[in-house]
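J.: Structure file protein.txt, compact mmCIF, N, CA and C atoms, is pasted below:
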```txt
# COMPACT_ATOMS: atom_id res chain seq x y z
N MET A 1 -63.06 57.04 202.31
CA MET A 1 -62.91 55.69 201.83
C MET A 1 -61.82 54.99 202.65
N LYS A 2 -62.13 53.79 203.12
CA LYS A 2 -61.16 53.00 203.87
C LYS A 2 -60.41 52.06 202.93
N ILE A 3 -59.07 52.09 203.06
CA ILE A 3 -58.24 51.17 202.28
C ILE A 3 -57.34 50.39 203.23
N GLY A 4 -57.06 49.15 202.88
CA GLY A 4 -56.16 48.31 203.65
C GLY A 4 -54.83 48.23 202.92
N ILE A 5 -53.76 48.51 203.63
CA ILE A 5 -52.44 48.50 203.02
C ILE A 5 -51.54 47.54 203.79
N THR A 6 -50.88 46.64 203.06
CA THR A 6 -49.94 45.73 203.71
C THR A 6 -48.74 46.52 204.19
N SER A 7 -48.31 46.26 205.43
CA SER A 7 -47.28 47.10 206.03
C SER A 7 -46.24 46.29 206.80
N THR A 8 -45.01 46.80 206.79
CA THR A 8 -43.94 46.19 207.57
C THR A 8 -43.91 46.73 208.99
N GLY A 9 -44.65 47.81 209.26
CA GLY A 9 -44.65 48.43 210.58
C GLY A 9 -46.01 48.97 210.96
N GLU A 10 -46.03 49.71 212.05
CA GLU A 10 -47.30 50.11 212.64
C GLU A 10 -47.63 51.59 212.50
N ASN A 11 -47.02 52.29 211.50
CA ASN A 11 -47.35 53.69 211.29
C ASN A 11 -47.25 54.04 209.81
N LEU A 12 -47.63 55.26 209.48
CA LEU A 12 -47.68 55.69 208.09
C LEU A 12 -46.32 55.81 207.43
N ASP A 13 -45.25 55.83 208.23
CA ASP A 13 -43.90 55.90 207.68
C ASP A 13 -43.29 54.53 207.41
N ALA A 14 -44.00 53.48 207.76
CA ALA A 14 -43.53 52.11 207.50
C ALA A 14 -43.62 51.84 206.00
N ASP A 15 -42.84 50.87 205.56
CA ASP A 15 -42.87 50.49 204.14
C ASP A 15 -44.04 49.55 203.84
N VAL A 16 -44.47 49.59 202.60
CA VAL A 16 -45.48 48.65 202.13
C VAL A 16 -44.85 47.26 202.13
N ASP A 17 -45.52 46.30 202.75
CA ASP A 17 -45.05 44.91 202.72
C ASP A 17 -45.41 44.34 201.36
N GLN A 18 -44.45 43.74 200.71
CA GLN A 18 -44.67 43.22 199.36
C GLN A 18 -45.54 41.97 199.33
N ARG A 19 -45.70 41.34 200.47
CA ARG A 19 -46.52 40.12 200.55
C ARG A 19 -47.91 40.47 201.10
N PHE A 20 -48.93 39.90 200.50
CA PHE A 20 -50.28 40.12 201.02
C PHE A 20 -50.59 39.16 202.16
N GLY A 21 -50.66 37.89 201.86
CA GLY A 21 -51.11 36.90 202.85
C GLY A 21 -50.22 36.78 204.06
N ARG A 22 -48.96 37.08 203.89
CA ARG A 22 -48.00 36.93 204.99
C ARG A 22 -47.38 38.25 205.42
N CYS A 23 -48.07 39.35 205.15
CA CYS A 23 -47.58 40.65 205.61
C CYS A 23 -47.60 40.69 207.14
N LYS A 24 -46.77 41.55 207.72
CA LYS A 24 -46.73 41.66 209.18
C LYS A 24 -47.98 42.35 209.72
N TYR A 25 -48.36 43.45 209.06
CA TYR A 25 -49.48 44.26 209.52
C TYR A 25 -50.31 44.75 208.34
N PHE A 26 -51.51 45.17 208.66
CA PHE A 26 -52.33 45.96 207.75
C PHE A 26 -52.57 47.29 208.44
N LEU A 27 -52.46 48.35 207.69
CA LEU A 27 -52.93 49.63 208.17
C LEU A 27 -54.24 49.90 207.45
N ILE A 28 -55.28 50.08 208.20
CA ILE A 28 -56.59 50.41 207.66
C ILE A 28 -56.68 51.94 207.70
N VAL A 29 -56.57 52.56 206.53
CA VAL A 29 -56.42 54.02 206.45
C VAL A 29 -57.66 54.66 205.85
N ASP A 30 -58.12 55.72 206.50
CA ASP A 30 -59.16 56.56 205.91
C ASP A 30 -58.42 57.49 204.96
N ALA A 31 -58.61 57.30 203.67
CA ALA A 31 -57.85 58.05 202.66
C ALA A 31 -58.10 59.56 202.72
N ASP A 32 -59.22 59.97 203.28
CA ASP A 32 -59.52 61.40 203.35
C ASP A 32 -58.86 62.07 204.56
N SER A 33 -58.97 61.45 205.72
CA SER A 33 -58.46 62.07 206.95
C SER A 33 -57.06 61.58 207.33
N MET A 34 -56.61 60.47 206.72
CA MET A 34 -55.34 59.82 207.04
C MET A 34 -55.32 59.20 208.44
N GLU A 35 -56.48 59.12 209.08
CA GLU A 35 -56.55 58.39 210.34
C GLU A 35 -56.43 56.91 210.00
N PHE A 36 -55.82 56.14 210.91
CA PHE A 36 -55.62 54.73 210.61
C PHE A 36 -55.69 53.88 211.87
N GLU A 37 -55.91 52.60 211.64
CA GLU A 37 -55.81 51.62 212.71
C GLU A 37 -54.86 50.53 212.24
N VAL A 38 -54.21 49.90 213.19
CA VAL A 38 -53.24 48.85 212.89
C VAL A 38 -53.88 47.49 213.17
N LEU A 39 -53.73 46.60 212.21
CA LEU A 39 -54.25 45.25 212.35
C LEU A 39 -53.08 44.29 212.16
N SER A 40 -52.70 43.59 213.22
CA SER A 40 -51.63 42.61 213.13
C SER A 40 -52.15 41.41 212.34
N ASN A 41 -51.34 40.90 211.42
CA ASN A 41 -51.76 39.78 210.59
C ASN A 41 -51.44 38.46 211.30
N GLU A 42 -52.43 37.87 211.90
CA GLU A 42 -52.24 36.63 212.63
C GLU A 42 -52.01 35.43 211.71
N ASN A 43 -52.19 35.62 210.41
CA ASN A 43 -52.00 34.53 209.45
C ASN A 43 -50.60 34.53 208.84
N ALA A 44 -49.76 35.48 209.23
CA ALA A 44 -48.43 35.62 208.62
C ALA A 44 -47.59 34.36 208.75
N MET A 45 -47.77 33.60 209.81
CA MET A 45 -46.96 32.41 210.03
C MET A 45 -47.76 31.12 209.81
N ALA A 46 -48.92 31.21 209.20
CA ALA A 46 -49.75 30.03 208.97
C ALA A 46 -49.00 29.03 208.09
N SER A 47 -49.24 27.77 208.34
CA SER A 47 -48.56 26.74 207.55
C SER A 47 -49.15 26.64 206.14
N GLY A 48 -50.36 27.08 205.97
CA GLY A 48 -51.00 27.07 204.66
C GLY A 48 -52.26 27.91 204.70
N GLY A 49 -52.73 28.33 203.55
CA GLY A 49 -53.99 29.09 203.47
C GLY A 49 -53.90 30.52 203.94
N ALA A 50 -52.69 31.06 204.05
CA ALA A 50 -52.54 32.42 204.59
C ALA A 50 -53.25 33.46 203.72
N GLY A 51 -53.18 33.32 202.40
CA GLY A 51 -53.80 34.30 201.52
C GLY A 51 -55.30 34.38 201.70
N ILE A 52 -55.94 33.23 201.71
CA ILE A 52 -57.40 33.18 201.87
C ILE A 52 -57.79 33.70 203.25
N GLN A 53 -57.11 33.23 204.29
CA GLN A 53 -57.45 33.65 205.65
C GLN A 53 -57.25 35.14 205.84
N THR A 54 -56.16 35.66 205.30
CA THR A 54 -55.89 37.10 205.42
C THR A 54 -56.94 37.90 204.65
N ALA A 55 -57.30 37.44 203.47
CA ALA A 55 -58.32 38.14 202.68
C ALA A 55 -59.67 38.15 203.41
N GLN A 56 -60.02 37.04 204.06
CA GLN A 56 -61.27 36.99 204.81
C GLN A 56 -61.23 37.95 205.99
N THR A 57 -60.09 38.02 206.66
CA THR A 57 -59.93 38.93 207.80
C THR A 57 -60.06 40.38 207.36
N ILE A 58 -59.39 40.73 206.28
CA ILE A 58 -59.39 42.13 205.81
C ILE A 58 -60.77 42.51 205.28
N ALA A 59 -61.49 41.56 204.71
CA ALA A 59 -62.84 41.85 204.20
C ALA A 59 -63.78 42.26 205.33
N LYS A 60 -63.56 41.72 206.51
CA LYS A 60 -64.42 42.03 207.66
C LYS A 60 -64.22 43.46 208.17
N THR A 61 -63.16 44.12 207.76
CA THR A 61 -62.89 45.48 208.23
C THR A 61 -63.68 46.54 207.48
N GLY A 62 -64.28 46.15 206.35
CA GLY A 62 -65.07 47.10 205.57
C GLY A 62 -64.28 47.95 204.60
N VAL A 63 -63.03 47.54 204.30
CA VAL A 63 -62.25 48.31 203.32
C VAL A 63 -62.86 48.15 201.93
N GLU A 64 -62.67 49.16 201.12
CA GLU A 64 -63.15 49.11 199.74
C GLU A 64 -62.05 48.73 198.77
N ALA A 65 -60.80 48.86 199.24
CA ALA A 65 -59.65 48.56 198.39
C ALA A 65 -58.50 48.06 199.24
N VAL A 66 -57.63 47.26 198.61
CA VAL A 66 -56.40 46.78 199.23
C VAL A 66 -55.24 47.23 198.36
N VAL A 67 -54.19 47.76 198.99
CA VAL A 67 -52.97 48.18 198.31
C VAL A 67 -51.84 47.31 198.84
N THR A 68 -51.09 46.69 197.94
CA THR A 68 -50.02 45.78 198.34
C THR A 68 -48.97 45.69 197.24
N GLY A 69 -47.91 44.97 197.51
CA GLY A 69 -46.91 44.73 196.49
C GLY A 69 -47.37 43.63 195.55
N ASN A 70 -47.73 42.49 196.14
CA ASN A 70 -48.12 41.32 195.35
C ASN A 70 -49.32 40.62 195.98
N VAL A 71 -50.08 39.94 195.15
CA VAL A 71 -51.21 39.14 195.64
C VAL A 71 -51.31 37.87 194.81
N GLY A 72 -51.51 36.76 195.50
CA GLY A 72 -51.62 35.48 194.83
C GLY A 72 -53.05 35.17 194.41
N PRO A 73 -53.25 34.05 193.71
CA PRO A 73 -54.56 33.73 193.15
C PRO A 73 -55.66 33.48 194.18
N ASN A 74 -55.37 32.80 195.26
CA ASN A 74 -56.40 32.51 196.25
C ASN A 74 -56.86 33.77 196.98
N ALA A 75 -55.90 34.60 197.37
CA ALA A 75 -56.24 35.85 198.04
C ALA A 75 -57.00 36.77 197.08
N PHE A 76 -56.52 36.85 195.84
CA PHE A 76 -57.17 37.71 194.85
C PHE A 76 -58.63 37.30 194.65
N GLN A 77 -58.87 36.01 194.51
CA GLN A 77 -60.23 35.52 194.29
C GLN A 77 -61.12 35.84 195.50
N THR A 78 -60.58 35.67 196.70
CA THR A 78 -61.36 35.94 197.92
C THR A 78 -61.68 37.42 198.04
N LEU A 79 -60.71 38.27 197.77
CA LEU A 79 -60.94 39.72 197.82
C LEU A 79 -61.95 40.16 196.77
N SER A 80 -61.79 39.64 195.56
CA SER A 80 -62.72 39.99 194.47
C SER A 80 -64.13 39.57 194.79
N ALA A 81 -64.28 38.38 195.36
CA ALA A 81 -65.62 37.88 195.72
C ALA A 81 -66.27 38.78 196.78
N ALA A 82 -65.44 39.43 197.61
CA ALA A 82 -65.95 40.32 198.65
C ALA A 82 -66.18 41.74 198.11
N GLY A 83 -65.90 41.94 196.82
CA GLY A 83 -66.11 43.26 196.22
C GLY A 83 -65.02 44.27 196.54
N ILE A 84 -63.85 43.78 196.93
CA ILE A 84 -62.74 44.66 197.28
C ILE A 84 -61.81 44.80 196.08
N LYS A 85 -61.51 46.03 195.72
CA LYS A 85 -60.59 46.29 194.61
C LYS A 85 -59.16 46.07 195.09
N VAL A 86 -58.32 45.54 194.22
CA VAL A 86 -56.94 45.22 194.57
C VAL A 86 -55.98 46.04 193.71
N PHE A 87 -55.01 46.66 194.37
CA PHE A 87 -53.99 47.45 193.69
C PHE A 87 -52.63 46.87 194.07
N THR A 88 -51.88 46.37 193.10
CA THR A 88 -50.57 45.78 193.37
C THR A 88 -49.46 46.67 192.83
N GLY A 89 -48.24 46.30 193.12
CA GLY A 89 -47.09 47.06 192.64
C GLY A 89 -46.73 48.24 193.52
N ALA A 90 -47.38 48.35 194.67
CA ALA A 90 -47.10 49.47 195.56
C ALA A 90 -45.74 49.28 196.23
N SER A 91 -45.05 50.38 196.45
CA SER A 91 -43.78 50.35 197.17
C SER A 91 -43.61 51.69 197.87
N GLY A 92 -42.56 51.80 198.67
CA GLY A 92 -42.36 53.02 199.43
C GLY A 92 -43.12 52.96 200.74
N THR A 93 -43.39 54.12 201.32
CA THR A 93 -44.08 54.17 202.61
C THR A 93 -45.60 54.06 202.43
N ILE A 94 -46.25 53.79 203.53
CA ILE A 94 -47.72 53.73 203.53
C ILE A 94 -48.28 55.09 203.11
N LYS A 95 -47.74 56.15 203.69
CA LYS A 95 -48.21 57.49 203.37
C LYS A 95 -48.08 57.78 201.87
N GLU A 96 -46.93 57.45 201.28
CA GLU A 96 -46.72 57.67 199.85
C GLU A 96 -47.72 56.86 199.02
N SER A 97 -47.99 55.64 199.44
CA SER A 97 -48.92 54.79 198.70
C SER A 97 -50.34 55.31 198.77
N VAL A 98 -50.74 55.85 199.91
CA VAL A 98 -52.07 56.45 200.03
C VAL A 98 -52.18 57.64 199.08
N GLU A 99 -51.14 58.47 199.04
CA GLU A 99 -51.16 59.63 198.15
C GLU A 99 -51.24 59.19 196.68
N LYS A 100 -50.48 58.17 196.31
CA LYS A 100 -50.54 57.65 194.94
C LYS A 100 -51.94 57.10 194.64
N TYR A 101 -52.53 56.42 195.60
CA TYR A 101 -53.89 55.89 195.43
C TYR A 101 -54.87 57.03 195.19
N LYS A 102 -54.79 58.08 196.01
CA LYS A 102 -55.72 59.21 195.89
C LYS A 102 -55.56 59.94 194.56
N LYS A 103 -54.34 59.97 194.02
CA LYS A 103 -54.08 60.64 192.75
C LYS A 103 -54.38 59.75 191.55
N GLY A 104 -54.77 58.51 191.80
CA GLY A 104 -55.06 57.58 190.71
C GLY A 104 -53.82 57.03 190.04
N GLU A 105 -52.68 57.08 190.74
CA GLU A 105 -51.43 56.61 190.16
C GLU A 105 -51.21 55.10 190.32
N LEU A 106 -52.04 54.45 191.13
CA LEU A 106 -51.95 53.00 191.27
C LEU A 106 -53.00 52.38 190.36
N LYS A 107 -52.62 51.33 189.67
CA LYS A 107 -53.54 50.70 188.73
C LYS A 107 -54.22 49.51 189.40
N GLU A 108 -55.56 49.45 189.23
CA GLU A 108 -56.30 48.32 189.77
C GLU A 108 -55.87 47.04 189.07
N THR A 109 -55.65 46.02 189.87
CA THR A 109 -55.20 44.73 189.37
C THR A 109 -56.39 43.89 188.94
N GLU A 110 -56.28 43.28 187.78
CA GLU A 110 -57.38 42.46 187.27
C GLU A 110 -57.12 40.97 187.42
N ALA A 111 -55.93 40.62 187.92
CA ALA A 111 -55.56 39.22 188.10
C ALA A 111 -54.42 39.16 189.12
N PRO A 112 -54.22 38.00 189.74
CA PRO A 112 -53.08 37.87 190.66
C PRO A 112 -51.77 38.13 189.91
N ASN A 113 -50.77 38.66 190.63
CA ASN A 113 -49.50 38.94 189.96
C ASN A 113 -48.36 38.03 190.42
N VAL A 114 -48.67 37.07 191.30
CA VAL A 114 -47.72 36.04 191.69
C VAL A 114 -48.47 34.72 191.84
N GLY A 115 -47.73 33.63 191.85
CA GLY A 115 -48.35 32.31 192.00
C GLY A 115 -48.67 31.97 193.44
N SER A 116 -49.33 30.85 193.62
CA SER A 116 -49.65 30.37 194.97
C SER A 116 -48.37 30.14 195.75
N HIS A 117 -48.43 30.41 197.03
CA HIS A 117 -47.34 30.14 197.98
C HIS A 117 -46.08 30.96 197.72
N SER A 118 -46.17 32.04 196.97
CA SER A 118 -44.96 32.82 196.65
C SER A 118 -44.41 33.56 197.85
N GLY A 119 -45.23 33.86 198.84
CA GLY A 119 -44.76 34.61 200.00
C GLY A 119 -44.17 33.77 201.09
N MET A 120 -44.19 32.45 200.92
CA MET A 120 -43.66 31.57 201.96
C MET A 120 -42.15 31.64 202.00
N ARG A 121 -41.62 31.68 203.20
CA ARG A 121 -40.16 31.67 203.37
C ARG A 121 -39.69 30.23 203.24
N ARG A 122 -38.65 30.05 202.53
CA ARG A 122 -38.14 28.69 202.32
C ARG A 122 -36.92 28.44 203.16
```
Reformat the file's structure so that it appears as C-alpha cells.
T.:
Amino acid sequence: MKIGITSTGENLDADVDQRFGRCKYFLIVDADSMEFEVLSNENAMASGGAGIQTAQTIAKTGVEAVVTGNVGPNAFQTLSAAGIKVFTGASGTIKESVEKYKKGELKETEAPNVGSHSGMRR
C-alpha cells in the first residue's frame, strides 16, 4: 500500500511536516517494503489554493492514504473526493509514522482539523 506523508526532509528520518498544503515534501512510501520516492511540494509557496493544488498533485501519485499533522477543509474535501483516506495528528519521523500507520495507531480523520489558510506564514 502506498501512503503519502508530509515531510520536512527527503528521507525516512525526517520529521512529519505539520502542514499539508504547504509542506516542504511528500514521501510516497510503500508501507510494506519501506521503499519511497520524494516529491517536492511546488505549492508550498503558493499565494492561495495550496491545499487544493497539493491534494490534486498527491492524488495523481496513486496513494491510498495521506498521513500529516493537520489538514484544512479544502484539501480534506479534495482528498476525500479522490477516495484517499486522511490520517492527522502524526508527529515524529516519517519512519515512526509509517510504523504507527501499519499498527493501526493512527486514527482516520473524518473532518478537517484546522481552518482554511492555517498553514500560511504571516
J.: Excluding same-chain residues fewer than 3 positions from region 11-25 of chain A, what lies within 8 Å of it counting only C-alpha atoms, as a PyMOL selection string?
T.: chain A and resi 5-8+38-41+43-45+50-55+68-72+75+90-95+97+119-120
J.: Got time to write the residues from that selection, N, CA and C atoms, as a short mmCIF file (atom, residue, chain, number, x, y, z; two decimals), keeping the file's coordinate frame?
T.:
```cif
data_model
loop_
_atom_site.label_atom_id
_atom_site.label_comp_id
_atom_site.auth_asym_id
_atom_site.auth_seq_id
_atom_site.Cartn_x
_atom_site.Cartn_y
_atom_site.Cartn_z
N ILE A 5 -53.76 48.51 203.63
CA ILE A 5 -52.44 48.50 203.02
C ILE A 5 -51.54 47.54 203.79
N THR A 6 -50.88 46.64 203.06
CA THR A 6 -49.94 45.73 203.71
C THR A 6 -48.74 46.52 204.19
N SER A 7 -48.31 46.26 205.43
CA SER A 7 -47.28 47.10 206.03
C SER A 7 -46.24 46.29 206.80
N THR A 8 -45.01 46.80 206.79
CA THR A 8 -43.94 46.19 207.57
C THR A 8 -43.91 46.73 208.99
N VAL A 38 -54.21 49.90 213.19
CA VAL A 38 -53.24 48.85 212.89
C VAL A 38 -53.88 47.49 213.17
N LEU A 39 -53.73 46.60 212.21
CA LEU A 39 -54.25 45.25 212.35
C LEU A 39 -53.08 44.29 212.16
N SER A 40 -52.70 43.59 213.22
CA SER A 40 -51.63 42.61 213.13
C SER A 40 -52.15 41.41 212.34
N ASN A 41 -51.34 40.90 211.42
CA ASN A 41 -51.76 39.78 210.59
C ASN A 41 -51.44 38.46 211.30
N ASN A 43 -52.19 35.62 210.41
CA ASN A 43 -52.00 34.53 209.45
C ASN A 43 -50.60 34.53 208.84
N ALA A 44 -49.76 35.48 209.23
CA ALA A 44 -48.43 35.62 208.62
C ALA A 44 -47.59 34.36 208.75
N MET A 45 -47.77 33.60 209.81
CA MET A 45 -46.96 32.41 210.03
C MET A 45 -47.76 31.12 209.81
N ALA A 50 -52.69 31.06 204.05
CA ALA A 50 -52.54 32.42 204.59
C ALA A 50 -53.25 33.46 203.72
N GLY A 51 -53.18 33.32 202.40
CA GLY A 51 -53.80 34.30 201.52
C GLY A 51 -55.30 34.38 201.70
N ILE A 52 -55.94 33.23 201.71
CA ILE A 52 -57.40 33.18 201.87
C ILE A 52 -57.79 33.70 203.25
N GLN A 53 -57.11 33.23 204.29
CA GLN A 53 -57.45 33.65 205.65
C GLN A 53 -57.25 35.14 205.84
N THR A 54 -56.16 35.66 205.30
CA THR A 54 -55.89 37.10 205.42
C THR A 54 -56.94 37.90 204.65
N ALA A 55 -57.30 37.44 203.47
CA ALA A 55 -58.32 38.14 202.68
C ALA A 55 -59.67 38.15 203.41
N THR A 68 -51.09 46.69 197.94
CA THR A 68 -50.02 45.78 198.34
C THR A 68 -48.97 45.69 197.24
N GLY A 69 -47.91 44.97 197.51
CA GLY A 69 -46.91 44.73 196.49
C GLY A 69 -47.37 43.63 195.55
N ASN A 70 -47.73 42.49 196.14
CA ASN A 70 -48.12 41.32 195.35
C ASN A 70 -49.32 40.62 195.98
N VAL A 71 -50.08 39.94 195.15
CA VAL A 71 -51.21 39.14 195.64
C VAL A 71 -51.31 37.87 194.81
N GLY A 72 -51.51 36.76 195.50
CA GLY A 72 -51.62 35.48 194.83
C GLY A 72 -53.05 35.17 194.41
N ALA A 75 -55.90 34.60 197.37
CA ALA A 75 -56.24 35.85 198.04
C ALA A 75 -57.00 36.77 197.08
N ALA A 90 -47.38 48.35 194.67
CA ALA A 90 -47.10 49.47 195.56
C ALA A 90 -45.74 49.28 196.23
N SER A 91 -45.05 50.38 196.45
CA SER A 91 -43.78 50.35 197.17
C SER A 91 -43.61 51.69 197.87
N GLY A 92 -42.56 51.80 198.67
CA GLY A 92 -42.36 53.02 199.43
C GLY A 92 -43.12 52.96 200.74
N THR A 93 -43.39 54.12 201.32
CA THR A 93 -44.08 54.17 202.61
C THR A 93 -45.60 54.06 202.43
N ILE A 94 -46.25 53.79 203.53
CA ILE A 94 -47.72 53.73 203.53
C ILE A 94 -48.28 55.09 203.11
N LYS A 95 -47.74 56.15 203.69
CA LYS A 95 -48.21 57.49 203.37
C LYS A 95 -48.08 57.78 201.87
N SER A 97 -47.99 55.64 199.44
CA SER A 97 -48.92 54.79 198.70
C SER A 97 -50.34 55.31 198.77
N GLY A 119 -45.23 33.86 198.84
CA GLY A 119 -44.76 34.61 200.00
C GLY A 119 -44.17 33.77 201.09
N MET A 120 -44.19 32.45 200.92
CA MET A 120 -43.66 31.57 201.96
C MET A 120 -42.15 31.64 202.00
#
```
J.: Can you tell me how far atom C of Asn113 (chain A) sits from CA of Gln77 (chain A), in Å to one decimal?
T.: 12.7 Å
J.: Hey, can you check how far CA of Lys85 (chain A) sits from CA of Asp32 (chain A)?
T.: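 Result for CA of Lys85 (chain A) versus CA of Asp32 (chain A): 17.5 Å, one decimal.
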